[in-house]
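Q: Sharing a structure below in structure tokens format, with a few things to ask.
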Amino acid sequence: MVARNAPTLEDVAARAGVSRATASRVVNADPRVREAARLAVSAAVAELGYRPNRAARRLVTRAADSIAVVVPESDERVFSDPFFSGTLRGVTGAVGDLPMQVVLVMGKPDDGDRRMERYLRGGHTDGAIVVSHHQNDTLWRVLAETRLPSVFLGRPYAEEARVPYVDVDNCAGAALAARHLIARGCRRIGTVTGPLDMSAGHDRWQGWVRVLEEAGLETDLVEHGDFTAAGGAEATRRLLERCPDLDGLFAASDQMAVAAIGELGVAGRRVPDDVAVVGYDDSEAATMSRPALTTVVNPIAEMAARAVDLLLRVMDGEEVQPETLSTDLVVRESA
């Protein structure tokens, strides 16, 4: 059997009916290309399975092989949220002594200049781990078109995104939190959700709803946050305005839960005497909080290590399946 040669940029240009220079600009996400040409080249890339030749690039640049950790979030969010630092530690730890660099690629979800897309299309990396995926993100389409080996850390929100992923059972984790509050005697239980355009935020909200419905409790004590301390504080203030007799609170991240404890104190509500509080992550913030925070374990390091393992297998041409890890509740003083 004769081995099939990998498609070249010239093949893409010929299939799309454009010049090689135009094809190159499209592959590198140059915004100055006409829309018709961009669509034609993108279709040719997908049809032919073209990927930029990293081997040729390395002959010129002598760059080390790499995998990219792609985070469609602002740098402020990435560097302030312990979830992302934990993810990076998990990835670099799993890579270990492999001759491979880990590259952090950041950009806001509404990345107008398409920096992340240009990077992924440009053949700068051998694989990608995508973290913090939002509903409207189109990175999965870019990865599908370029056939760049990729794994998502967290289930992609878009149902049509058929990509391997590693996640924790967020719905079950939130259910643990809600059941614990009910078992403690709470009956006016509110929640501060994460972003509902992310699977983690949506699933944690749904897990809370399911348990409260089963217990015959109201499920409208909901305020939406963004996983940040500031967002959690603001949402808690709104919740207290609506429900001053709140006696239980589940916040979808530890940062929001710790901020909520602060807001409850300002409002004269004692934790856990008046209001029991449960967070999600089991981060360092949970143990440093006063009172220490009862929280759901989010096994970030394990998820990151599993994501690296899946990505390496995908890069070797294996077919892999999504993995969902179990979780547990760590009981401390706040509930």
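Here's how to read the names in the structure tokens: chain A, B, ... by the order shown, residue numbers from 1 in each chain, ligand numbers from 1 in the order shown.
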Pick out the residues sitting within 12 Å of A:Glu214, and hand them over as a ChimeraX atom specification; count only C-alpha atoms, and ignore anything fewer than 4 positions along from it in its own chain.

A: /A:175,178-179,182,207-210,218-219

Q: For the residues in the current selection, export C-alpha atoms as a compact mmCIF listing (two decimals), in the first residue's frame.

A:
```txt
# COMPACT_ATOMS: atom_id res chain seq x y z
CA ALA A 175 -26.65 17.54 44.74
CA ALA A 178 -27.96 20.63 48.58
CA ARG A 179 -28.66 17.37 50.43
CA ILE A 182 -31.32 19.99 53.87
CA GLY A 207 -28.02 19.54 40.58
CA TRP A 208 -29.17 22.00 43.25
CA VAL A 209 -32.59 22.39 41.60
CA ARG A 210 -33.15 18.64 41.35
CA GLU A 218 -38.74 26.36 46.49
CA THR A 219 -36.16 26.66 43.74
```

Q: Considering only C-alpha atoms, tabulate each residue of stretch 135-204 of chain A that lies at most 10 Å from stretch 234-237 of chain A along with its nearest interatomic pair and the corresponding distance in Å to one decimal; arrange the rows by chain and ascending residue number and present them as JSON lines.

A:
```
{"residue": "A:Gly190", "atom": "CA", "partner": "A:Thr236", "partner_atom": "CA", "distance": 9.2}
{"residue": "A:Thr191", "atom": "CA", "partner": "A:Thr236", "partner_atom": "CA", "distance": 8.6}
{"residue": "A:Val192", "atom": "CA", "partner": "A:Ala235", "partner_atom": "CA", "distance": 6.4}
{"residue": "A:Thr193", "atom": "CA", "partner": "A:Ala235", "partner_atom": "CA", "distance": 8.8}
```

Q: My list of candidates is A:Arg188, A:Ala23, A:Ser199, A:Val18. Which is closest to A:Leu217 when distances are computed with only C-alpha atoms?

A: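 Closest to A:Leu217 of all the choices is A:Arg188.
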
Q: Would you list the contacts of A:Val277 as number ranges by chain, taking every protein, DNA or RNA residue within 9 Å and counting only C-alpha atoms, but skipping same-chain residues closer than 4 positions in sequence?

A: A: 181, 247-251, 257-258, 260-261, 271-272, 293-295, 334-335

Q: Using C-alpha atoms, can you write the selected residues to a file as a PDB file, in the first residue's frame?

A:
```
ATOM      1  CA  LEU A 181     -27.920  21.680  53.700  1.00  0.00           C
ATOM      2  CA  ASP A 247     -30.872  29.874  56.157  1.00  0.00           C
ATOM      3  CA  GLY A 248     -28.782  27.936  53.628  1.00  0.00           C
ATOM      4  CA  LEU A 249     -26.601  28.903  50.685  1.00  0.00           C
ATOM      5  CA  PHE A 250     -24.800  26.889  48.010  1.00  0.00           C
ATOM      6  CA  ALA A 251     -22.274  28.900  45.991  1.00  0.00           C
ATOM      7  CA  ALA A 257     -18.758  31.186  48.843  1.00  0.00           C
ATOM      8  CA  VAL A 258     -16.037  32.966  50.834  1.00  0.00           C
ATOM      9  CA  ALA A 260     -20.802  35.314  50.437  1.00  0.00           C
ATOM     10  CA  ILE A 261     -19.703  34.643  54.032  1.00  0.00           C
ATOM     11  CA  VAL A 271     -22.317  31.505  59.646  1.00  0.00           C
ATOM     12  CA  PRO A 272     -23.180  28.748  60.376  1.00  0.00           C
ATOM     13  CA  LEU A 293     -15.703  26.325  54.299  1.00  0.00           C
ATOM     14  CA  THR A 294     -17.696  23.148  53.727  1.00  0.00           C
ATOM     15  CA  THR A 295     -17.225  22.452  50.041  1.00  0.00           C
ATOM     16  CA  SER A 334     -19.459  26.783  57.628  1.00  0.00           C
ATOM     17  CA  ALA A 335     -22.042  23.970  57.384  1.00  0.00           C
TER      18      ALA A 335
END
```

Q: With only C-alpha atoms as the atoms that count, which of A:Val275, A:Val331, A:Arg20, A:Asp226 lies nearest to A:His180?

A: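 Counting only C-alpha atoms, the residue closest to A:His180 is A:Val331.
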
Q: Between A:Ile67, A:Leu325, A:Val91, A:Leu98, which one has atoms that come closest to A:Leu120, using only C-alpha atoms?

A: A:Ile67

Q: Go ahead and compute the interatomic distance for atom CA of A:His133 and atom CA of A:Val71, in Å to one decimal.

A: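 Taking atom CA of A:His133 and atom CA of A:Val71, their separation equals 7.7 Å.
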
Q: Work out how far atom CA of A:Arg51 is from atom CA of A:Asp11, in Å to one decimal.

A: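 Interatomic distance, atom CA of A:Asp11 to atom CA of A:Arg51: 11.4 Å.
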
Q: Could you check the closest approach to A:Val130 for each of A:Tyr50, A:Ala304, A:Arg34, A:Gly317 and tell me which residue wins, using only C-alpha atoms?

A: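 Using only C-alpha atoms, the shortest distance to A:Val130 belongs to A:Ala304.
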
Q: DSSP on the backbone, helix (DSSP H, G or I) only: what residues of stretch 79-236 of chain A does that give? Format it as a ChimeraX atom specification.

A: /A:79-80,82-95,115-121,139-146,170-183,199-214,229-236

Q: Find the distance between atom CA of A:Leu221 and atom CA of A:Ala233 and write it in Å to one decimal.

A: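 These atoms are spaced 15.4 Å apart.
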
Q: Counting only C-alpha atoms, figure out which residue out of A:Ala200, A:Ala292, A:Val211, A:Met100 gets nearest to A:Ser132.

A: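 For A:Ser132, the nearest of the candidates is A:Ala200.
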
Q: Running DSSP on the backbone, which parts of stretch 43-224 of chain A land in strand (DSSP E), as a ChimeraX atom specification?

A: /A:66-71,101-106,127-131,150-153,165-168,189-193,222-224

Q: For the residues selected in the previous step, produce a file with C-alpha atoms as a tab-separated table (two decimals), in the first residue's frame.

A:
```
chain	number	residue	atom	x	y	z
A	66	SER	CA	4.57	21.79	22.69
A	67	ILE	CA	1.02	21.45	23.85
A	68	ALA	CA	-1.12	24.51	24.42
A	69	VAL	CA	-3.40	25.13	27.39
A	70	VAL	CA	-6.06	27.31	25.79
A	71	VAL	CA	-8.13	29.50	28.12
A	101	GLN	CA	6.77	22.60	26.38
A	102	VAL	CA	3.45	23.71	27.89
A	103	VAL	CA	2.25	27.00	26.38
A	104	LEU	CA	-0.51	29.13	27.89
A	105	VAL	CA	-2.78	30.72	25.29
A	106	MET	CA	-5.31	33.24	26.64
A	127	GLY	CA	-2.00	19.59	20.62
A	128	ALA	CA	-4.35	21.65	22.78
A	129	ILE	CA	-6.15	21.35	26.10
A	130	VAL	CA	-9.08	23.78	26.15
A	131	VAL	CA	-10.18	25.05	29.57
A	150	SER	CA	-7.31	18.36	21.38
A	151	VAL	CA	-9.02	17.54	24.65
A	152	PHE	CA	-11.39	19.74	26.65
A	153	LEU	CA	-11.05	20.13	30.42
A	165	TYR	CA	-13.11	15.75	27.42
A	166	VAL	CA	-12.41	15.17	31.10
A	167	ASP	CA	-14.89	16.51	33.63
A	168	VAL	CA	-16.18	16.04	37.16
A	189	ILE	CA	-31.88	27.53	50.61
A	190	GLY	CA	-30.49	29.84	47.95
A	191	THR	CA	-27.77	29.40	45.38
A	192	VAL	CA	-25.26	31.63	43.64
A	193	THR	CA	-24.62	29.98	40.30
A	222	VAL	CA	-31.27	31.90	42.61
A	223	GLU	CA	-28.81	34.65	41.73
A	224	HIS	CA	-26.27	34.28	38.96
```
